[in-house]
Every structure is written in C-alpha cells, then in structure tokens.
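Enquirer: Got a file for you: target-v6.pdb, PDB, C-alpha atoms.
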```pdb
ATOM      1  CA  MET A  21     -10.266  27.135  27.373
ATOM      2  CA  ARG A  22     -10.331  25.884  23.774
ATOM      3  CA  GLN A  23     -10.662  22.290  24.986
ATOM      4  CA  ILE A  24     -13.714  23.242  27.103
ATOM      5  CA  GLU A  25     -15.314  25.019  24.135
ATOM      6  CA  GLN A  26     -14.629  22.015  21.901
ATOM      7  CA  ARG A  27     -16.241  19.677  24.444
ATOM      8  CA  PHE A  28     -19.390  21.787  24.574
ATOM      9  CA  ASP A  29     -19.491  21.877  20.762
ATOM     10  CA  ASN A  30     -19.314  18.087  20.644
ATOM     11  CA  VAL A  31     -22.152  17.787  23.171
ATOM     12  CA  GLY A  32     -24.255  20.153  21.080
ATOM     13  CA  ASP A  33     -23.609  18.168  17.897
ATOM     14  CA  GLU A  34     -24.511  14.952  19.675
ATOM     15  CA  LYS A  35     -27.854  16.371  20.850
ATOM     16  CA  LEU A  36     -28.646  17.455  17.299
ATOM     17  CA  GLY A  37     -27.586  14.019  16.118
ATOM     18  CA  TRP A  38     -29.980  12.252  18.470
ATOM     19  CA  ALA A  39     -32.797  14.543  17.381
ATOM     20  CA  ASP A  40     -32.161  13.663  13.715
ATOM     21  CA  ILE A  41     -31.900   9.964  14.524
ATOM     22  CA  LYS A  42     -35.240   9.890  16.350
ATOM     23  CA  GLU A  43     -36.880  11.820  13.505
ATOM     24  CA  SER A  44     -35.443   9.392  10.959
ATOM     25  CA  GLN A  45     -36.885   6.462  12.885
ATOM     26  CA  ARG A  46     -40.293   8.162  13.031
ATOM     27  CA  VAL A  47     -40.697   9.373   9.433
ATOM     28  CA  LYS A  48     -37.923   7.485   7.560
ATOM     29  CA  GLN A  49     -35.926  10.620   6.886
ATOM     30  CA  VAL A  50     -32.722   9.815   4.967
ATOM     31  CA  LEU A  51     -29.500  10.663   6.819
ATOM     32  CA  TYR A  52     -25.838  10.351   5.812
ATOM     33  CA  ALA A  53     -22.913   9.103   7.903
ATOM     34  CA  GLU A  54     -19.330   7.948   7.458
ATOM     35  CA  ALA A  55     -18.381   4.306   7.988
ATOM     36  CA  ILE A  56     -15.582   4.410  10.564
ATOM     37  CA  GLY A  57     -15.312   0.754  11.537
ATOM     38  CA  LEU A  58     -16.150  -2.851  10.785
ATOM     39  CA  GLU A  59     -17.428  -5.184  13.527
ATOM     40  CA  THR A  60     -19.180  -8.542  13.777
ATOM     41  CA  LEU A  61     -22.128  -8.372  16.167
ATOM     42  CA  SER A  62     -25.168 -10.446  17.059
ATOM     43  CA  LEU A  63     -28.416  -9.476  15.373
ATOM     44  CA  GLY A  64     -31.174 -11.687  16.696
ATOM     45  CA  ASP A  65     -30.065 -15.306  16.570
ATOM     46  CA  LYS A  66     -27.154 -14.829  14.189
ATOM     47  CA  LYS A  67     -23.917 -12.904  14.007
ATOM     48  CA  GLU A  68     -23.449 -10.481  11.159
ATOM     49  CA  GLU A  69     -20.737  -8.208   9.808
ATOM     50  CA  MET A  70     -21.664  -4.555  10.287
ATOM     51  CA  LEU A  71     -20.337  -1.157   9.339
ATOM     52  CA  LYS A  72     -19.943   1.146  12.318
ATOM     53  CA  LEU A  73     -21.297   4.604  11.510
ATOM     54  CA  ASN A  74     -20.607   7.956  13.119
ATOM     55  CA  TYR A  75     -23.487  10.415  12.855
ATOM     56  CA  LYS A  76     -22.653  13.676  14.647
ATOM     57  CA  GLY A  77     -20.907  11.824  17.453
ATOM     58  CA  VAL A  78     -23.537   9.105  17.783
ATOM     59  CA  PHE A  79     -22.472   5.595  16.796
ATOM     60  CA  GLY A  80     -24.709   3.312  14.791
ATOM     61  CA  TYR A  81     -24.500  -0.033  13.025
ATOM     62  CA  LEU A  82     -25.368  -0.889   9.436
ATOM     63  CA  PRO A  83     -25.660  -4.685   8.929
ATOM     64  CA  LYS A  84     -24.200  -6.172   5.749
ATOM     65  CA  SER A  85     -27.625  -7.523   4.782
ATOM     66  CA  ARG A  86     -29.081  -4.003   4.902
ATOM     67  CA  ILE A  87     -26.421  -2.166   2.888
ATOM     68  CA  ASP A  88     -27.766  -3.109  -0.528
ATOM     69  CA  ASN A  89     -29.450  -5.930  -2.414
ATOM     70  CA  TYR A  90     -26.144  -6.349  -4.261
ATOM     71  CA  GLU A  91     -23.969  -9.266  -3.116
ATOM     72  CA  PHE A  92     -20.774  -7.897  -1.563
ATOM     73  CA  LYS A  93     -17.802 -10.179  -0.946
ATOM     74  CA  GLY A  94     -16.417  -7.971   1.811
ATOM     75  CA  LEU A  95     -16.915  -4.608   3.483
ATOM     76  CA  HIS A  96     -13.380  -3.292   3.989
ATOM     77  CA  HIS A  97     -13.647  -1.137   0.847
ATOM     78  CA  PHE A  98     -16.464   0.787   2.513
ATOM     79  CA  LEU A  99     -14.412   2.134   5.433
ATOM     80  CA  GLY A 100     -14.119   5.905   5.217
ATOM     81  CA  LYS A 101     -17.028   6.130   2.759
ATOM     82  CA  GLU A 102     -20.338   7.911   3.337
ATOM     83  CA  PHE A 103     -23.665   6.074   3.355
ATOM     84  CA  GLU A 104     -27.296   7.092   3.281
ATOM     85  CA  PHE A 105     -29.561   5.347   5.774
ATOM     86  CA  VAL A 106     -32.781   5.489   7.717
ATOM     87  CA  VAL A 107     -32.929   4.524  11.372
ATOM     88  CA  GLU A 108     -34.628   1.252  12.217
ATOM     89  CA  THR A 109     -33.934   0.916  15.956
ATOM     90  CA  VAL A 110     -32.781   3.349  18.639
ATOM     91  CA  ASP A 111     -31.188   2.288  21.917
ATOM     92  CA  ILE A 112     -30.795   5.452  23.981
ATOM     93  CA  GLU A 113     -29.492   3.641  27.042
ATOM     94  CA  GLY A 114     -26.907   1.763  25.019
ATOM     95  CA  HIS A 115     -26.210   4.951  23.087
ATOM     96  CA  TRP A 116     -26.437   3.429  19.605
ATOM     97  CA  PHE A 117     -28.800   2.996  16.668
ATOM     98  CA  LEU A 118     -29.399   0.386  13.969
ATOM     99  CA  ALA A 119     -29.418   1.655  10.379
ATOM    100  CA  ASP A 120     -31.051   0.373   7.191
ATOM    101  CA  ARG A 121     -29.641   1.542   3.868
ATOM    102  CA  ILE A 122     -31.969  -0.506   1.648
ATOM    103  CA  GLN A 123     -34.959   1.493   2.896
ATOM    104  CA  ALA A 124     -33.028   4.710   2.361
ATOM    105  CA  LEU A 125     -32.256   3.718  -1.234
ATOM    106  CA  GLU A 126     -35.939   3.043  -1.860
ATOM    107  CA  VAL A 127     -36.830   6.503  -0.526
ATOM    108  CA  SER A 128     -34.086   8.119  -2.625
ATOM    109  CA  ALA A 129     -35.183   6.236  -5.756
ATOM    110  CA  ARG A 130     -38.772   7.457  -5.454
ATOM    111  CA  ARG A 131     -37.491  11.008  -5.070
ATOM    112  CA  PHE A 132     -35.152  10.554  -8.052
ATOM    113  CA  TRP A 133     -37.850   9.452 -10.479
ATOM    114  CA  LYS A 134     -40.001  12.437  -9.511
ATOM    115  CA  SER A 135     -37.341  15.115  -9.982
ATOM    116  CA  ALA A 136     -34.461  13.854 -12.173
ATOM    117  CA  LYS A 137     -33.964  15.312 -15.667
ATOM    118  CA  VAL A 138     -31.817  14.523 -18.687
ATOM    119  CA  GLY A 139     -28.625  16.585 -18.536
ATOM    120  CA  GLN A 140     -28.564  16.696 -14.755
ATOM    121  CA  VAL A 141     -25.225  16.006 -13.060
ATOM    122  CA  MET A 142     -25.377  13.679 -10.055
ATOM    123  CA  VAL A 143     -23.137  11.389  -8.022
ATOM    124  CA  GLY A 144     -22.826   7.681  -8.725
ATOM    125  CA  PHE A 145     -21.891   5.211  -5.979
ATOM    126  CA  ILE A 146     -19.867   2.200  -7.160
ATOM    127  CA  ARG A 147     -21.496  -0.955  -5.797
ATOM    128  CA  GLY A 148     -19.697  -3.375  -8.115
ATOM    129  CA  ILE A 149     -16.912  -3.568 -10.713
ATOM    130  CA  ASP A 150     -15.753  -5.971 -13.368
ATOM    131  CA  MET A 151     -13.111  -5.627 -16.061
ATOM    132  CA  SER A 152     -15.171  -3.401 -18.366
ATOM    133  CA  ARG A 153     -18.117  -2.060 -16.341
ATOM    134  CA  LEU A 154     -19.069  -0.095 -13.256
ATOM    135  CA  TYR A 155     -22.262  -1.028 -11.414
ATOM    136  CA  LEU A 156     -23.606   2.187  -9.922
ATOM    137  CA  LEU A 157     -26.338   3.479  -7.695
ATOM    138  CA  VAL A 158     -27.554   6.963  -8.597
ATOM    139  CA  GLU A 159     -29.842   8.217  -5.849
ATOM    140  CA  GLY A 160     -30.851   4.632  -5.147
ATOM    141  CA  VAL A 161     -31.408   3.704  -8.812
ATOM    142  CA  PRO A 162     -29.097   0.982 -10.223
ATOM    143  CA  VAL A 163     -27.357   1.589 -13.550
ATOM    144  CA  VAL A 164     -24.456  -0.017 -15.434
ATOM    145  CA  MET A 165     -21.806   2.148 -17.082
ATOM    146  CA  ASN A 166     -19.337   0.697 -19.602
ATOM    147  CA  SER A 167     -15.679   1.728 -19.639
ATOM    148  CA  GLU A 168     -16.230   3.748 -22.837
ATOM    149  CA  GLU A 169     -18.670   5.927 -20.898
ATOM    150  CA  VAL A 170     -16.345   6.419 -17.934
ATOM    151  CA  SER A 171     -13.267   8.066 -19.427
ATOM    152  CA  TYR A 172     -11.752   9.283 -22.675
ATOM    153  CA  SER A 173      -8.586   7.460 -21.662
ATOM    154  CA  TYR A 174      -8.249   3.759 -22.360
ATOM    155  CA  ILE A 175      -8.843   1.696 -19.233
ATOM    156  CA  GLU A 176      -7.656  -1.888 -19.640
ATOM    157  CA  ASP A 177      -9.246  -3.098 -16.413
ATOM    158  CA  MET A 178     -11.750  -1.033 -14.458
ATOM    159  CA  ARG A 179     -10.736  -2.862 -11.283
ATOM    160  CA  SER A 180      -7.304  -1.236 -11.473
ATOM    161  CA  GLU A 181      -8.820   2.271 -11.479
ATOM    162  CA  PHE A 182     -11.808   2.097  -9.118
ATOM    163  CA  GLU A 183     -12.851   0.465  -5.872
ATOM    164  CA  ILE A 184     -16.238  -0.534  -4.531
ATOM    165  CA  GLY A 185     -17.509   2.360  -2.440
ATOM    166  CA  ASP A 186     -15.922   5.051  -4.615
ATOM    167  CA  THR A 187     -18.095   7.804  -6.066
ATOM    168  CA  LEU A 188     -17.879   9.737  -9.321
ATOM    169  CA  ASP A 189     -19.826  12.508 -11.001
ATOM    170  CA  ILE A 190     -22.108  11.394 -13.836
ATOM    171  CA  LYS A 191     -24.476  13.088 -16.273
ATOM    172  CA  ILE A 192     -27.923  11.701 -17.063
ATOM    173  CA  THR A 193     -28.109  11.063 -20.818
ATOM    174  CA  LYS A 194     -31.378   9.131 -21.058
ATOM    175  CA  LEU A 195     -34.287   8.839 -18.662
ATOM    176  CA  GLU A 196     -37.682   7.151 -18.710
ATOM    177  CA  ALA A 197     -39.713   6.939 -15.512
ATOM    178  CA  PRO A 198     -41.075   3.543 -14.410
ATOM    179  CA  THR A 199     -44.419   2.444 -15.837
ATOM    180  CA  GLU A 200     -46.626  -0.636 -15.455
ATOM    181  CA  GLU A 201     -45.077  -2.070 -18.616
ATOM    182  CA  ASN A 202     -41.542  -1.209 -17.482
ATOM    183  CA  PRO A 203     -41.505  -1.010 -13.659
ATOM    184  CA  SER A 204     -37.713  -0.573 -13.538
ATOM    185  CA  GLY A 205     -37.725   2.498 -15.780
ATOM    186  CA  LEU A 206     -34.728   3.407 -17.949
ATOM    187  CA  LEU A 207     -31.609   5.264 -16.883
ATOM    188  CA  GLU A 208     -28.422   5.868 -18.870
ATOM    189  CA  VAL A 209     -25.509   7.917 -17.537
ATOM    190  CA  ASN A 210     -22.095   9.056 -18.729
ATOM    191  CA  ALA A 211     -19.071  10.326 -16.811
ATOM    192  CA  LYS A 212     -16.617  11.204 -19.565
ATOM    193  CA  VAL A 213     -18.851  13.909 -21.100
ATOM    194  CA  LEU A 214     -18.124  15.988 -18.003
ATOM    195  CA  SER A 215     -14.460  16.319 -18.996
ATOM    196  CA  ARG A 216     -12.606  17.599 -22.062
ATOM    197  CA  ASP A 217     -11.552  15.006 -24.626
ATOM    198  CA  PRO A 218      -7.744  14.922 -24.313
ATOM    199  CA  TRP A 219      -7.352  13.012 -27.577
ATOM    200  CA  GLY A 220      -8.017  16.271 -29.387
ATOM    201  CA  GLN A 221      -4.449  17.272 -28.517
ATOM    202  CA  ILE A 222      -2.767  14.067 -29.639
ATOM    203  CA  GLY A 223      -1.581  15.909 -32.768
ATOM    204  CA  ASP A 224       0.974  17.677 -30.556
ATOM    205  CA  TYR A 225       2.781  14.351 -30.054
ATOM    206  CA  LYS A 226       4.658  12.263 -32.627
ATOM    207  CA  GLU A 227       5.556   8.612 -32.982
ATOM    208  CA  GLY A 228       9.217   8.184 -32.107
ATOM    209  CA  GLY A 229       9.207  11.268 -29.903
ATOM    210  CA  SER A 230      10.137  11.283 -26.221
ATOM    211  CA  TYR A 231       8.112  13.317 -23.738
ATOM    212  CA  THR A 232       7.834  14.100 -20.047
ATOM    213  CA  ALA A 233       5.095  12.254 -18.201
ATOM    214  CA  VAL A 234       3.950  11.957 -14.587
ATOM    215  CA  ILE A 235       3.322   8.577 -13.004
ATOM    216  CA  THR A 236      -0.311   8.465 -11.893
ATOM    217  CA  LYS A 237      -0.569   4.823 -10.827
ATOM    218  CA  ILE A 238       1.604   1.757 -10.274
ATOM    219  CA  HIS A 239      -0.140  -1.566 -10.694
ATOM    220  CA  PRO A 240       1.752  -4.815 -10.009
ATOM    221  CA  GLU A 241      -0.017  -6.630 -12.863
ATOM    222  CA  HIS A 242      -0.916  -3.920 -15.373
ATOM    223  CA  GLY A 243       2.270  -1.839 -15.240
ATOM    224  CA  VAL A 244       2.917   1.907 -15.026
ATOM    225  CA  PHE A 245       0.193   4.439 -15.830
ATOM    226  CA  LEU A 246       1.388   7.909 -16.802
ATOM    227  CA  GLU A 247      -0.139  11.207 -17.865
ATOM    228  CA  LEU A 248       1.643  13.260 -20.511
ATOM    229  CA  VAL A 249       2.627  16.664 -19.150
ATOM    230  CA  GLY A 250       0.560  19.444 -20.685
ATOM    231  CA  VAL A 251      -2.509  17.337 -21.514
ATOM    232  CA  SER A 252      -4.748  16.492 -18.581
ATOM    233  CA  GLY A 253      -6.254  13.046 -18.984
ATOM    234  CA  LEU A 254      -4.077  11.766 -21.840
ATOM    235  CA  THR A 255      -2.952   8.513 -20.253
ATOM    236  CA  VAL A 256      -0.197   6.171 -21.365
ATOM    237  CA  ARG A 257       0.389   2.687 -19.990
ATOM    238  CA  THR A 258       3.775   0.984 -20.185
ATOM    239  CA  ASN A 259       5.244  -2.199 -18.799
ATOM    240  CA  PHE A 260       7.795  -1.938 -16.001
ATOM    241  CA  PRO A 261      11.191  -0.865 -17.369
ATOM    242  CA  PRO A 262      13.579  -3.846 -17.135
ATOM    243  CA  ASN A 263      15.924  -3.783 -14.133
ATOM    244  CA  ALA A 264      14.483  -0.504 -12.870
ATOM    245  CA  ASN A 265      15.109   0.583  -9.303
ATOM    246  CA  PRO A 266      11.643   0.355  -7.680
ATOM    247  CA  ASP A 267      12.314   3.538  -5.671
ATOM    248  CA  VAL A 268      12.206   5.525  -8.920
ATOM    249  CA  LEU A 269       8.751   4.321  -9.902
ATOM    250  CA  LYS A 270       6.522   6.282  -7.564
ATOM    251  CA  LYS A 271       3.214   8.058  -8.038
ATOM    252  CA  GLY A 272       3.818  11.723  -8.879
ATOM    253  CA  LYS A 273       7.329  11.100 -10.214
ATOM    254  CA  LYS A 274       8.257  12.665 -13.572
ATOM    255  CA  VAL A 275       9.818  10.300 -16.094
ATOM    256  CA  THR A 276      10.405  10.172 -19.850
ATOM    257  CA  VAL A 277       8.260   8.094 -22.200
ATOM    258  CA  LYS A 278       9.017   7.295 -25.813
ATOM    259  CA  ILE A 279       5.945   6.934 -28.019
ATOM    260  CA  LEU A 280       6.222   3.906 -30.286
ATOM    261  CA  GLU A 281       2.788   3.988 -31.893
ATOM    262  CA  ILE A 282      -0.339   6.148 -31.864
ATOM    263  CA  ASN A 283      -3.467   4.135 -32.680
ATOM    264  CA  HIS A 284      -6.127   6.684 -33.616
ATOM    265  CA  ARG A 285      -8.844   4.106 -34.232
ATOM    266  CA  ASP A 286      -8.573   2.510 -30.782
ATOM    267  CA  ARG A 287      -7.332   5.720 -29.129
ATOM    268  CA  ARG A 288      -4.323   3.948 -27.646
ATOM    269  CA  ILE A 289      -0.698   4.935 -27.261
ATOM    270  CA  LYS A 290       2.015   2.281 -27.213
ATOM    271  CA  ALA A 291       5.095   3.502 -25.390
ATOM    272  CA  ILE A 292       8.043   2.614 -23.168
ATOM    273  CA  THR A 293       9.321   4.326 -20.044
ATOM    274  CA  ILE A 294      12.895   5.535 -20.276
ATOM    275  CA  LEU A 295      14.848   5.942 -17.035
ATOM    276  CA  PRO A 296      18.278   7.526 -16.441
ATOM    277  CA  GLN A 297      21.140   5.016 -16.231
ATOM    278  CA  ARG A 298      21.565   5.693 -12.511
ATOM    279  CA  SER A 299      18.006   4.448 -11.965
ATOM    280  CA  ILE A 300      18.758   1.019 -13.404
ATOM    281  CA  ASN A 301      19.362  -1.806 -10.983
ATOM    282  CA  ALA A 302      20.636  -4.936 -12.684
ATOM    283  CA  GLY A 303      19.241  -7.149  -9.961
ATOM    284  CA  ASN A 304      15.741  -5.796 -10.114
ATOM    285  CA  ARG A 305      12.728  -6.902 -12.221
ATOM    286  CA  ARG A 306      14.819  -9.273 -14.280
ATOM    287  CA  GLY A 307      12.929 -10.783 -17.192
ATOM    288  CA  VAL A 308      10.145  -8.136 -17.340
ATOM    289  CA  ARG A 309       9.511  -7.057 -20.950
ATOM    290  CA  VAL A 310       8.618  -3.590 -22.153
ATOM    291  CA  ILE A 311       5.946  -2.987 -24.781
ATOM    292  CA  HIS A 312       7.228  -3.292 -28.355
TER
END
```
In structure tokens, write the structure found in this file.
Expert:
Amino acid sequence: MRQIEQRFDNVGDEKLGWADIKESQRVKQVLYAEAIGLETLSLGDKKEEMLKLNYKGVFGYLPKSRIDNYEFKGLHHFLGKEFEFVVETVDIEGHWFLADRIQALEVSARRFWKSAKVGQVMVGFIRGIDMSRLYLLVEGVPVVMNSEEVSYSYIEDMRSEFEIGDTLDIKITKLEAPTEENPSGLLEVNAKVLSRDPWGQIGDYKEGGSYTAVITKIHPEHGVFLELVGVSGLTVRTNFPPNANPDVLKKGKKVTVKILEINHRDRRIKAITILPQRSINAGNRRGVRVIH
C-alpha cells in the first residue's frame, strides 16, 4: 500500500515539475535542481559535456557552455550540487528539457541589485579557487573573497579547504549598484564576520603545553589539520608524525598536540602531534619531518 502511495506522489511531483518547466521556458522563471549525473551528448553539430539535472522527477541537461562564463576545467565537482537555471528547450515526447544557467544568473543579478543591502546575509557559490582567494557568485553577481575574509583560522591553501561548487554563507559589507560610469557595480563580502573570533581564547593555551585536539582534515601534502577541544574554530596544522600508523590519523580522531609557538601577529600556532607509542609504526612515513 505504501509503495502505491509513493508512486502516486511521484507522479504528482512530476506533473508539478512539468508545469514549472513550461512556465520557466515561457517567462524565464528561475528554477533550482540538483546535478545528479555527467554525460556527453550532441548539441547541434558538436558534442558537449553536460550536467544531468533532476527537477521534481523530470530530467534535464545543462551544457558546460551554459553553466557560467567562468572557464571550468571539469564538471565532476558539481555532482550533487544545486544549480539555478531557466529552461531553454522542452521535449515532452523525449521527456527532457535543456537548461541555461547563464540566463538564470543574469535574472538573479538584476534582482540582487534591486533588493540587496549592506549587512544582508546571503549564500555564495564557489566558481573558482586559487591558493589565497575564492571566486564567488552571489545571486549571479561575481565577487572575489580573500582568505583573510573567509575564516579567522589560518588557511595555507584555500584549495585544501574548499571545492568548486561548494557554497558558504557570506555577509555583504559594501555595495554600490551599477551605474553608467561603473556598469559592474561594487560588491564586497565577508564570511568570517558571521562566526566568533576563536583567537580571543588563545590566552587559555600556553607555549610548551600539550592539549587534546580533534583531527578535522587529513591532506597528503599539507599535513594534519586539528581543532583544539573547547574552542570551536581554533585550528592547528602539523606535519605528519614520523612513523605514525596511518590508521590512527583519521578525521574525528582525538589526539594530543604540543604547542611549540604562538604567533600573535600572524595568528598562527606551531605545533606537533603526539601519538601513543602503540600508534607508532617504524615502517611507516619514514623521513617525514614534524614542524620545529
């Protein structure tokens, strides 16, 4: 009985989905759907990589060339992420639609400049990353955010913390609508102001002291990232402990860190990870140095 009810619910959602899709094609209404697949299909005379979308049980395709004006190297990072789009083409017999995100971003940007205000909290979509910056879209408007504006914690390489397609909450700190003299307008945003500055509690920790920390990330090149227990957001990075058993170094695992130096000017903590003797494997990670 439950299976029958579920089937009818799915049919109902699909009918609503088709109604929205047809309306979007007619008036360029912005819709949102999750990217559930990646396929290469023919579009006119050429083949193109496309994201497969699922909108209320109706499948659609978003070509790579219509995702953004930004140059993407690949699309795998976008799987599982949500995208805004307007419908360009509907094929009822084939039971699919063709989506255009660039048009949707233009619609969203016009709406943004009419209603956005300084102090407003919105969502930023990461369209690009380099070592020290995030390239965001906020309601269709591009903006660059430096690492100092992202987090109170020191981030050595933004690429180790974020992926293209991720989203994060941001606060508008400066805003000037487009004019004839400045058609792009001005937008500045900040993410770290939405969280408490953990460095305010650094006085509770001493150089030479050993403390419990939780592993938050393992990066093969940048080492072990840990968060000191009791202070949310106070991050410490250490090199891999020499000869450590890799099974011990797992995200969520509690370990001990010894603080070697607290640099108040640069807001950095130099430390080493200390593991119990039973966690040491003489044949593992030979030659890896800890931070001194």
Enquirer: What is the CA of Phe92 in chain A to CA of Met165 in chain A distance in Å?
Expert: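 Calculated distance between CA of Phe92 in chain A and CA of Met165 in chain A is 18.5 Å.
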Enquirer: Can you list, as a short mmCIF file (atom, residue, chain, number, x, y, z; two decimals) with C-alpha atoms, in the coordinates of the input, every protein, DNA or RNA residue that comes within 10 Å of Pro240 in chain A when you count only C-alpha atoms, leaving out same-chain residues fewer than 6 positions away?
Expert:
```cif
data_model
loop_
_atom_site.label_atom_id
_atom_site.label_comp_id
_atom_site.auth_asym_id
_atom_site.auth_seq_id
_atom_site.Cartn_x
_atom_site.Cartn_y
_atom_site.Cartn_z
CA SER A 180 -7.30 -1.24 -11.47
CA ASN A 259 5.24 -2.20 -18.80
CA PHE A 260 7.80 -1.94 -16.00
#
```
Enquirer: What would the list of residues within 9 Å of (-14.9, 5.0, -18.8) (file frame) look like as a PyMOL selection string, if only C-alpha atoms are what count?
Expert: chain A and resi 152-154+165-175+178+210-212
Enquirer: Any chance you could export the current selection's C-alpha atoms as an mmCIF file, in the frame of the given file?
Expert:
```cif
data_model
loop_
_atom_site.group_PDB
_atom_site.id
_atom_site.type_symbol
_atom_site.label_atom_id
_atom_site.label_comp_id
_atom_site.auth_asym_id
_atom_site.auth_seq_id
_atom_site.Cartn_x
_atom_site.Cartn_y
_atom_site.Cartn_z
ATOM 1 C CA SER A 152 -15.171 -3.401 -18.366
ATOM 2 C CA ARG A 153 -18.117 -2.060 -16.341
ATOM 3 C CA LEU A 154 -19.069 -0.095 -13.256
ATOM 4 C CA MET A 165 -21.806 2.148 -17.082
ATOM 5 C CA ASN A 166 -19.337 0.697 -19.602
ATOM 6 C CA SER A 167 -15.679 1.728 -19.639
ATOM 7 C CA GLU A 168 -16.230 3.748 -22.837
ATOM 8 C CA GLU A 169 -18.670 5.927 -20.898
ATOM 9 C CA VAL A 170 -16.345 6.419 -17.934
ATOM 10 C CA SER A 171 -13.267 8.066 -19.427
ATOM 11 C CA TYR A 172 -11.752 9.283 -22.675
ATOM 12 C CA SER A 173 -8.586 7.460 -21.662
ATOM 13 C CA TYR A 174 -8.249 3.759 -22.360
ATOM 14 C CA ILE A 175 -8.843 1.696 -19.233
ATOM 15 C CA MET A 178 -11.750 -1.033 -14.458
ATOM 16 C CA ASN A 210 -22.095 9.056 -18.729
ATOM 17 C CA ALA A 211 -19.071 10.326 -16.811
ATOM 18 C CA LYS A 212 -16.617 11.204 -19.565
#
```
Enquirer: For Ser128 in chain A, list every protein, DNA or RNA residue within 8 Å, evaluated using only C-alpha atoms, and leave out those in the same chain fewer than 4 positions away; present the list as a list in words.
Expert: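 The residues that qualify are Val50, Ala124, Phe132, Glu159 and Gly160 of chain A.
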Enquirer: Compare A:Ile279, A:Ile192, A:Ala119, A:Met70 by their minimum atom-to-atom distance to Ala291 in chain A, counting all atoms listed in the file, and give me the closest one.
Expert: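 Closest to Ala291 in chain A, using all atoms listed in the file: A:Ile279.
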Enquirer: Written as an NGL selection string, which residues does the PyMOL selection byres ((chain A and resi 253-258) around 6) give for the file shown?
Expert: :A and (173 or 218 or 243-247 or 251-252 or 259 or 291-292)
Enquirer: Filtering to C-alpha atoms, could you give me those residues as a PDB file, in the coordinates of the input?
Expert:
```
ATOM      1  CA  SER A 173      -8.586   7.460 -21.662  1.00  0.00           C
ATOM      2  CA  PRO A 218      -7.744  14.922 -24.313  1.00  0.00           C
ATOM      3  CA  GLY A 243       2.270  -1.839 -15.240  1.00  0.00           C
ATOM      4  CA  VAL A 244       2.917   1.907 -15.026  1.00  0.00           C
ATOM      5  CA  PHE A 245       0.193   4.439 -15.830  1.00  0.00           C
ATOM      6  CA  LEU A 246       1.388   7.909 -16.802  1.00  0.00           C
ATOM      7  CA  GLU A 247      -0.139  11.207 -17.865  1.00  0.00           C
ATOM      8  CA  VAL A 251      -2.509  17.337 -21.514  1.00  0.00           C
ATOM      9  CA  SER A 252      -4.748  16.492 -18.581  1.00  0.00           C
ATOM     10  CA  ASN A 259       5.244  -2.199 -18.799  1.00  0.00           C
ATOM     11  CA  ALA A 291       5.095   3.502 -25.390  1.00  0.00           C
ATOM     12  CA  ILE A 292       8.043   2.614 -23.168  1.00  0.00           C
TER      13      ILE A 292
END
```
